[in-house]
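This is structure08.txt (compact mmCIF, C-alpha atoms).
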```
# COMPACT_ATOMS: atom_id res chain seq x y z
CA ILE A 8 -13.60 -11.67 -1.18
CA LEU A 9 -10.63 -11.25 -3.53
CA VAL A 10 -8.58 -8.12 -2.69
CA LEU A 11 -6.18 -6.76 -5.32
CA VAL A 12 -3.23 -4.66 -4.13
CA TYR A 13 -0.40 -3.63 -6.46
CA GLY A 14 2.10 -3.52 -3.62
CA ILE A 15 3.11 -5.30 -0.44
CA PHE A 16 -0.12 -6.02 1.41
CA HIS A 17 0.87 -5.19 5.00
CA TYR A 18 2.79 -2.07 3.89
CA THR A 19 -0.29 -0.66 2.11
CA THR A 20 -2.13 0.58 5.18
CA ARG A 21 -5.58 1.40 3.78
CA ALA A 22 -5.82 -1.86 1.81
CA TYR A 23 -4.60 -3.77 4.86
CA GLU A 24 -7.26 -2.21 7.10
CA LEU A 25 -10.04 -2.74 4.55
CA ALA A 26 -9.11 -6.42 4.22
CA CYS A 27 -8.91 -6.83 8.01
CA ALA A 28 -12.34 -5.20 8.40
CA LEU A 29 -13.80 -7.66 5.87
CA GLN A 30 -12.15 -10.56 7.68
CA ARG A 31 -13.52 -9.40 11.05
CA ALA A 32 -16.97 -9.16 9.46
CA GLY A 33 -16.85 -12.88 8.70
CA TYR A 34 -15.66 -12.98 5.09
CA ALA A 35 -12.89 -15.25 3.83
CA VAL A 36 -10.35 -12.86 2.32
CA THR A 37 -7.69 -13.66 -0.27
CA VAL A 38 -5.19 -10.95 -1.25
CA ILE A 39 -3.13 -10.80 -4.44
CA GLY A 40 -0.29 -8.37 -3.80
CA ALA A 41 3.01 -7.63 -5.55
CA HIS A 42 6.53 -7.23 -4.23
CA ARG A 43 7.34 -3.99 -6.04
CA GLU A 44 9.32 -2.08 -3.38
CA ALA A 45 13.01 -2.33 -2.52
CA LEU A 46 12.36 -4.26 0.68
CA PRO A 47 13.67 -7.62 1.96
CA SER A 48 12.54 -10.87 0.36
CA GLN A 49 9.60 -12.60 1.99
CA PRO A 50 7.47 -15.74 1.48
CA ALA A 51 5.31 -15.51 -1.62
CA HIS A 52 2.36 -17.20 0.13
CA GLN A 53 1.44 -16.60 3.76
CA VAL A 54 -1.42 -15.83 6.14
CA GLN A 55 -1.54 -12.30 7.57
CA ALA A 56 -4.24 -10.96 9.92
CA GLY A 57 -6.40 -13.95 9.04
CA CYS A 58 -6.17 -13.25 5.28
CA GLU A 59 -4.58 -15.57 2.73
CA VAL A 60 -1.96 -13.48 0.94
CA TRP A 61 -0.18 -14.12 -2.35
CA HIS A 62 2.63 -11.81 -3.48
CA VAL A 63 3.20 -12.47 -7.17
CA PRO A 64 6.69 -12.23 -8.70
CA LEU A 65 7.54 -9.25 -10.88
CA LEU A 66 10.42 -8.36 -13.16
CA THR A 67 13.32 -6.98 -11.11
CA ARG A 68 15.55 -6.10 -14.06
CA LEU A 69 15.12 -5.60 -17.79
CA ASN A 70 16.42 -8.98 -18.86
CA LEU A 71 14.85 -11.20 -21.52
CA LEU A 72 15.72 -14.45 -19.71
CA ASP A 73 14.10 -13.17 -16.50
CA LEU A 74 11.00 -12.16 -18.41
CA LEU A 75 10.75 -15.58 -20.08
CA ARG A 76 11.17 -17.26 -16.69
CA LEU A 77 8.34 -15.15 -15.24
CA LEU A 78 6.08 -15.91 -18.21
CA LEU A 79 6.74 -19.63 -17.74
CA GLN A 80 5.80 -19.30 -14.04
CA LEU A 81 2.67 -17.45 -15.10
CA LEU A 82 1.67 -20.22 -17.52
CA ARG A 83 2.19 -22.81 -14.77
CA ALA A 84 0.44 -20.58 -12.18
CA ASP A 85 3.51 -21.14 -9.96
CA ILE A 86 4.45 -18.01 -7.99
CA GLY A 87 7.48 -19.72 -6.46
CA GLN A 88 8.58 -19.79 -2.84
CA GLN A 89 9.85 -16.29 -2.24
CA THR A 90 9.48 -12.87 -3.81
CA ARG A 91 12.68 -10.99 -4.51
CA PRO A 92 13.17 -7.35 -3.50
CA MET A 93 12.86 -4.74 -6.22
CA PRO A 94 16.10 -2.77 -6.79
CA PRO A 95 15.90 0.96 -6.04
CA GLY A 96 15.48 3.50 -8.80
CA ARG A 97 12.85 4.22 -11.41
CA ALA A 98 12.68 2.19 -14.64
CA PRO A 99 9.58 3.21 -16.65
CA LEU A 100 9.68 0.28 -19.11
CA ARG A 101 10.14 -2.27 -16.32
CA THR A 102 7.29 -0.63 -14.40
CA PHE A 103 4.97 -0.82 -17.39
CA ILE A 104 5.83 -4.50 -18.01
CA ASN A 105 5.23 -5.26 -14.32
CA ILE A 106 1.77 -3.63 -14.41
CA ILE A 107 0.84 -5.93 -17.29
CA LEU A 108 2.36 -8.95 -15.50
CA TYR A 109 0.46 -8.18 -12.29
CA ASN A 110 -2.90 -8.05 -14.07
CA LEU A 111 -2.11 -11.30 -15.91
CA TRP A 112 -1.37 -12.88 -12.52
CA VAL A 113 -4.74 -11.65 -11.27
CA LEU A 114 -6.46 -13.42 -14.15
CA ARG A 115 -4.38 -16.56 -13.58
CA LEU A 116 -4.90 -16.79 -9.81
CA GLY A 117 -8.18 -14.95 -9.37
CA GLY A 118 -10.40 -18.02 -9.42
CA ARG A 119 -8.45 -20.04 -6.86
CA CYS A 120 -10.50 -18.73 -3.93
CA GLN A 121 -13.80 -18.95 -5.82
CA PRO A 122 -14.56 -15.29 -5.01
CA ASP A 123 -18.03 -13.82 -4.57
CA ALA A 124 -16.70 -10.28 -5.13
CA VAL A 125 -13.51 -8.37 -5.88
CA LEU A 126 -12.16 -5.32 -4.01
CA CYS A 127 -9.70 -3.43 -6.22
CA TYR A 128 -7.35 -1.12 -4.33
CA ASP A 129 -6.16 1.84 -6.41
CA VAL A 130 -5.90 2.17 -10.17
CA VAL A 131 -3.34 -0.42 -11.37
CA PRO A 132 -5.44 -3.59 -10.82
CA LEU A 133 -8.63 -2.11 -12.31
CA SER A 134 -8.49 -3.93 -15.65
CA GLY A 135 -7.70 -7.19 -13.86
CA ALA A 136 -10.62 -6.63 -11.47
CA TRP A 137 -12.99 -5.97 -14.39
CA ALA A 138 -11.79 -9.05 -16.30
CA THR A 139 -12.10 -11.27 -13.21
CA SER A 140 -15.57 -9.88 -12.59
CA ARG A 141 -16.64 -10.70 -16.16
CA ARG A 142 -15.04 -14.12 -16.11
CA TYR A 143 -16.77 -15.28 -12.93
CA GLY A 144 -19.93 -13.19 -13.09
CA ILE A 145 -19.24 -11.39 -9.81
CA PRO A 146 -19.25 -7.70 -8.78
CA TYR A 147 -16.15 -5.62 -8.21
CA VAL A 148 -15.72 -2.58 -5.99
CA TYR A 149 -13.09 0.05 -6.79
CA ASP A 150 -11.29 1.81 -3.94
CA ALA A 151 -9.97 5.05 -5.45
CA ALA A 152 -7.65 5.47 -2.51
CA GLU A 153 -6.04 8.75 -3.65
CA GLY A 154 -9.03 10.05 -5.60
CA LEU A 155 -9.26 10.36 -9.39
CA LEU A 156 -5.91 10.24 -11.23
CA LYS A 157 -5.63 13.81 -12.51
CA ALA A 158 -1.91 14.67 -12.42
CA VAL A 159 -1.00 12.97 -15.71
CA SER A 160 2.59 13.16 -16.98
CA GLY A 161 4.20 10.62 -19.28
CA PHE A 162 2.98 7.54 -21.12
CA ARG A 163 2.41 5.39 -18.02
CA ASP A 164 0.21 8.03 -16.35
CA ARG A 165 -1.84 8.49 -19.52
CA VAL A 166 -2.43 4.74 -19.70
CA MET A 167 -3.45 4.62 -16.02
CA ALA A 168 -5.80 7.60 -16.43
CA TRP A 169 -7.45 5.91 -19.44
CA ASN A 170 -7.65 2.67 -17.45
CA GLU A 171 -9.44 4.47 -14.60
CA ARG A 172 -11.92 6.28 -16.84
CA GLN A 173 -12.75 3.06 -18.66
CA PHE A 174 -13.18 0.68 -15.75
CA ALA A 175 -14.03 2.74 -12.64
CA PRO A 176 -17.55 3.64 -13.89
CA ARG A 177 -18.20 -0.07 -14.62
CA ALA A 178 -17.61 -1.08 -11.00
CA SER A 179 -20.62 -2.13 -8.92
CA ALA A 180 -19.62 0.58 -6.44
CA VAL A 181 -16.74 3.00 -5.93
CA ILE A 182 -15.33 4.05 -2.57
CA THR A 183 -12.88 6.83 -1.83
CA VAL A 184 -11.43 8.81 1.06
CA GLY A 185 -13.40 12.08 1.00
CA GLN A 186 -16.11 14.16 -0.59
CA ARG A 187 -13.86 16.20 -2.88
CA ALA A 188 -12.39 13.03 -4.41
CA GLY A 189 -15.88 11.53 -4.53
CA THR A 190 -17.26 14.46 -6.52
CA ASP A 191 -14.54 14.03 -9.16
CA LEU A 192 -15.36 10.33 -9.46
CA GLN A 193 -19.08 11.02 -9.84
CA ARG A 194 -18.29 13.36 -12.76
CA ILE A 195 -16.86 10.43 -14.75
CA GLY A 196 -19.90 8.28 -14.03
CA CYS A 197 -19.00 6.39 -10.85
CA ASP A 198 -22.28 5.50 -9.19
CA PRO A 199 -22.89 4.56 -6.44
CA MET A 200 -19.98 6.37 -4.85
CA VAL A 201 -19.45 5.92 -1.10
CA ILE A 202 -17.08 7.77 1.26
CA ILE A 203 -14.99 5.46 3.45
CA GLY A 204 -12.34 7.65 5.05
CA ASN A 205 -9.06 6.44 6.48
CA TRP A 206 -10.89 5.89 9.75
CA LYS A 207 -9.54 3.93 12.71
CA ARG A 208 -11.20 1.77 15.35
CA LEU A 209 -11.35 3.99 18.43
CA LEU A 210 -10.91 1.01 20.75
CA ASP A 211 -7.49 0.30 19.24
CA TYR A 212 -6.37 3.89 19.86
CA ASP A 213 -7.47 4.20 23.49
CA PRO A 214 -4.43 5.59 25.43
CA ASN A 215 -5.54 3.55 28.44
CA ASN A 216 -4.39 0.44 26.57
CA TYR A 217 -0.77 1.48 27.06
CA ASP A 218 1.62 2.43 29.85
CA LEU A 219 2.63 5.70 28.25
CA ALA A 220 5.15 6.69 30.93
CA THR A 221 7.02 3.45 30.35
CA GLU A 222 6.86 3.95 26.59
CA ARG A 223 8.35 7.45 26.88
CA ARG A 224 11.18 6.12 29.05
CA ARG A 225 11.82 3.30 26.56
CA LEU A 226 12.18 5.86 23.78
CA ASN A 227 14.18 8.26 25.98
CA ILE A 228 11.65 11.10 25.66
CA PRO A 229 11.80 13.65 28.52
CA ASP A 230 8.48 14.18 30.31
CA SER A 231 8.63 17.93 29.61
CA HIS A 232 8.93 17.53 25.83
CA LEU A 233 6.16 18.09 23.33
CA LEU A 234 6.02 14.88 21.31
CA VAL A 235 5.34 15.03 17.56
CA SER A 236 5.08 11.92 15.41
CA TYR A 237 5.01 11.29 11.67
CA ILE A 238 4.46 7.76 10.37
CA GLY A 239 3.95 7.45 6.63
CA PHE A 240 5.51 8.05 3.24
CA LEU A 241 8.74 10.03 3.25
CA PHE A 242 8.45 12.10 0.09
CA PRO A 243 9.25 15.82 -0.44
CA HIS A 244 5.61 16.85 -1.01
CA ARG A 245 4.82 15.63 2.53
CA GLN A 246 6.97 18.52 3.88
CA ILE A 247 9.36 16.15 5.67
CA GLU A 248 12.43 18.38 5.27
CA PRO A 249 10.81 21.48 6.86
CA LEU A 250 9.57 19.25 9.69
CA LEU A 251 13.10 17.96 10.38
CA ALA A 252 14.55 21.49 10.26
CA ALA A 253 11.91 22.81 12.66
CA VAL A 254 12.46 20.06 15.23
CA GLU A 255 16.24 20.40 15.05
CA SER A 256 15.82 24.06 16.04
CA LEU A 257 13.51 23.28 19.00
CA PRO A 258 15.33 21.41 21.80
CA ASP A 259 12.15 20.95 23.88
CA VAL A 260 10.34 19.04 21.11
CA THR A 261 10.85 15.36 20.27
CA LEU A 262 9.97 13.89 16.87
CA LEU A 263 9.19 10.23 16.29
CA ILE A 264 9.39 9.52 12.56
CA ALA A 265 8.92 6.30 10.60
CA GLY A 266 8.06 5.11 7.13
CA ARG A 267 9.61 4.63 3.71
CA GLY A 268 10.27 6.71 0.64
CA ASP A 269 12.83 8.90 -1.12
CA LEU A 270 13.87 10.87 2.00
CA VAL A 271 14.83 7.94 4.24
CA ASP A 272 18.54 8.81 4.13
CA GLN A 273 17.87 12.46 5.06
CA VAL A 274 15.71 11.36 8.00
CA ILE A 275 18.37 8.96 9.27
CA ALA A 276 21.03 11.67 8.98
CA ALA A 277 18.87 14.14 10.94
CA ALA A 278 18.29 11.53 13.66
CA GLN A 279 22.03 10.98 13.92
CA ARG A 280 22.61 14.74 14.29
CA SER A 281 19.84 15.47 16.77
CA ASP A 282 19.03 13.70 20.02
CA ASN A 283 15.40 14.87 19.79
CA ILE A 284 14.71 13.08 16.46
CA HIS A 285 14.02 9.35 16.76
CA TRP A 286 14.05 7.24 13.58
CA LEU A 287 11.81 4.18 14.02
CA GLY A 288 12.30 2.55 10.61
CA TRP A 289 9.16 0.83 9.36
CA VAL A 290 6.33 0.48 11.88
CA GLU A 291 4.00 -2.47 11.38
CA PRO A 292 0.27 -1.59 11.23
CA ASP A 293 -0.53 -3.22 14.58
CA GLN A 294 2.02 -0.92 16.28
CA LEU A 295 0.54 2.34 14.95
CA PRO A 296 -1.94 2.79 17.86
CA ARG A 297 0.93 2.61 20.36
CA TYR A 298 2.73 5.57 18.80
CA ALA A 299 -0.51 7.49 18.25
CA ALA A 300 -1.35 7.08 21.95
CA LEU A 301 1.99 8.64 22.88
```
Take the structure in the file and write it out as structure tokens.
Amino acid sequence: ILVLVYGIFHYTTRAYELACALQRAGYAVTVIGAHREALPSQPAHQVQAGCEVWHVPLLTRLNLLDLLRLLLQLLRADIGQQTRPMPPGRAPLRTFINIILYNLWVLRLGGRCQPDAVLCYDVVPLSGAWATSRRYGIPYVYDAAEGLLKAVSGFRDRVMAWNERQFAPRASAVITVGQRAGTDLQRIGCDPMVIIGNWKRLLDYDPNNYDLATERRRLNIPDSHLLVSYIGFLFPHRQIEPLLAAVESLPDVTLLIAGRGDLVDQVIAAAQRSDNIHWLGWVEPDQLPRYAAL
């Protein structure tokens, strides 16, 4: 199974868990990801959770020489040894070029694993999934992870919305997170449409797997405190700032918070001000059950 993820594989939780589930079910899984976040460099080719993972290089700055170098790598099908971190900030033109580059990489590398099917995570790789499917005569499944792209603003969003309406209905099947999102997808012709929520394996989340008293002591959490945790994207629409303000005003509540996003600096500052806010940085997927059990 070829899994397409426009992002860092093990930082894209739903795609990571879908790929792991396929691998546990006995499939050989190859992932084509992209190093598009401002995170440390890492090997471009590695094995993670039993899956072969390629992170293709993208343009990190709007520079003609860099673009020519990437195109030469693309022609040679040579992803290099290490992917470079993306600088912070939003650059619409660079983003648009990188979306095109990623899908070209999918076409260039897609046949290496001789796939029997393609799983496309989210909207960006859809055209690459369709082209790979046509090229090799194999089915592709579209995971509309956030539901149908409806909040369209700007040229990039309009292109992505067109991309989704063109290629999602052509998929052999579409999966999404819930019924409301599924109904929207059915309206544009996605059939069959299957709900696969962001479900977890109950065995992994059994509190009996952990010595919770020891974990609380390790994190310096008083036994009498109510413990609240948030692990995920740190963006304003997730109501992170009201959460921090509420916990700072409640001395008998402890907050464990982790993730990445625009509000990282505000979270770190709040943790420095308040003893009852613990900043965990980025939590790897295999550590999530530990914090959930707490």
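Nearest residue to Tyr109 (chain A) among A:Asp259, A:Leu74, A:Leu209, A:Val63 is A:Val63, counting only C-alpha atoms.
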(request) Step by step: start from the point (0.2, 2.6, 21.2) in the file's coordinates, keep every protein, DNA or RNA residue that has an atom no farther than 8 Å from it, count only C-alpha atoms, and write the set as a list in words. (result)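 Those residues lying close to the given coordinates are Tyr212, Pro214, Asn216, Tyr217, Gln294, Leu295, Pro296, Arg297, Tyr298, Ala299, Ala300 and Leu301 of chain A.
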(message) Given only C-alpha atoms as the basis, pick out the residue of A:Ile145, A:Cys27, A:Val12, A:Val274 nearest to Leu133 (chain A).
(response)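 That would be A:Val12, the residue with the smallest distance to Leu133 (chain A).
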(message) Under the rule that only C-alpha atoms are counted, which of A:Leu251, A:Val260, A:Val166, A:Ala41 is the nearest residue to Arg280 (chain A)?
(response)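 Closest to Arg280 (chain A) of all the choices is A:Leu251.
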(request) Write out as a count of residues only which residues come within 12 Å of Ala124 (chain A) when counting only C-alpha atoms, dropping same-chain ones fewer than 2 positions away. (result) 32
(request) Would you kindly return, as a PyMOL selection string, each protein, DNA or RNA residue with an atom no farther than 12 Å from any atom of Ala252 (chain A), considering all atoms listed in the file and excluding same-chain residues fewer than 6 positions away? (result) chain A and resi 246+258+260+262+273-274+276-278+280-281+283-284
I need the residues from that last selection saved to file as a compact mmCIF listing (two decimals), in the coordinates of the input (with C-alpha atoms), if you can.
```
# COMPACT_ATOMS: atom_id res chain seq x y z
CA GLN A 246 6.97 18.52 3.88
CA PRO A 258 15.33 21.41 21.80
CA VAL A 260 10.34 19.04 21.11
CA LEU A 262 9.97 13.89 16.87
CA GLN A 273 17.87 12.46 5.06
CA VAL A 274 15.71 11.36 8.00
CA ALA A 276 21.03 11.67 8.98
CA ALA A 277 18.87 14.14 10.94
CA ALA A 278 18.29 11.53 13.66
CA ARG A 280 22.61 14.74 14.29
CA SER A 281 19.84 15.47 16.77
CA ASN A 283 15.40 14.87 19.79
CA ILE A 284 14.71 13.08 16.46
```
(message) Nearest residue to Ala253 (chain A) out of A:Val235, A:Asp164, A:Leu108, A:Ile15, using all atoms listed in the file?
(response) A:Val235
(request) In Å, rounded to a single decimal, give me how far CA of Gly185 (chain A) is from CA of Gly135 (chain A). (result) 25.0 Å
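CA of Arg165 (chain A) is found 13.9 Å from CA of Thr102 (chain A).
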(request) Could you tell me which of A:Ala220, A:Ile86, A:Ala175, A:Leu155 comes closest to Asp198 (chain A) if we count all atoms listed in the file? (result)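 Using all atoms listed in the file, Asp198 (chain A) sits closest to A:Ala175.
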(request) Calculate how many Å separate CA of Glu248 (chain A) from CA of Glu291 (chain A), rounding to one decimal. (result)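 Those two atoms sit 23.3 Å apart.
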(message) When you look at Ile238 (chain A) with a cut-off of 8 Å (counting all atoms listed in the file), what residues show up, excluding the ones that are within fewer than 4 positions of it in the same chain? I need them as a PyMOL selection string.
(response) chain A and resi 263-266+290
Filtering to C-alpha atoms, could you give me those residues as a PDB file, keeping the file's coordinate frame?
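Written out: out-v2.pdb:
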```
ATOM      1  CA  LEU A 263       9.190  10.230  16.290  1.00  0.00           C
ATOM      2  CA  ILE A 264       9.390   9.520  12.560  1.00  0.00           C
ATOM      3  CA  ALA A 265       8.920   6.300  10.600  1.00  0.00           C
ATOM      4  CA  GLY A 266       8.060   5.110   7.130  1.00  0.00           C
ATOM      5  CA  VAL A 290       6.330   0.480  11.880  1.00  0.00           C
TER       6      VAL A 290
END
```
(request) Write out as a list in words the residues lying within 8 Å of Phe16 (chain A), counting all atoms listed in the file and excluding same-chain residues fewer than 3 positions away. (result)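 Selected residues are Val12, Thr19, Thr20, Ala22, Tyr23, Val38, Gly40, Ala41 and Val60 of chain A.
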(request) Pick out the closest residue to Arg91 (chain A) from this set: A:Leu66, A:Leu116, A:Leu71, A:Ala28. Count all atoms listed in the file. (result)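 Looking at the shortest contact to Arg91 (chain A), the residue is A:Leu66.
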(request) Find the spatial neighbours of region 192-195 of chain A, counting all atoms listed in the file, within a cut-off of 9 Å - ignore same-chain residues fewer than 2 positions away - and output them as an MDAnalysis selection string. (result) chainID A and resid 151 154:155 172 175:176 181 183 187:190 197:200
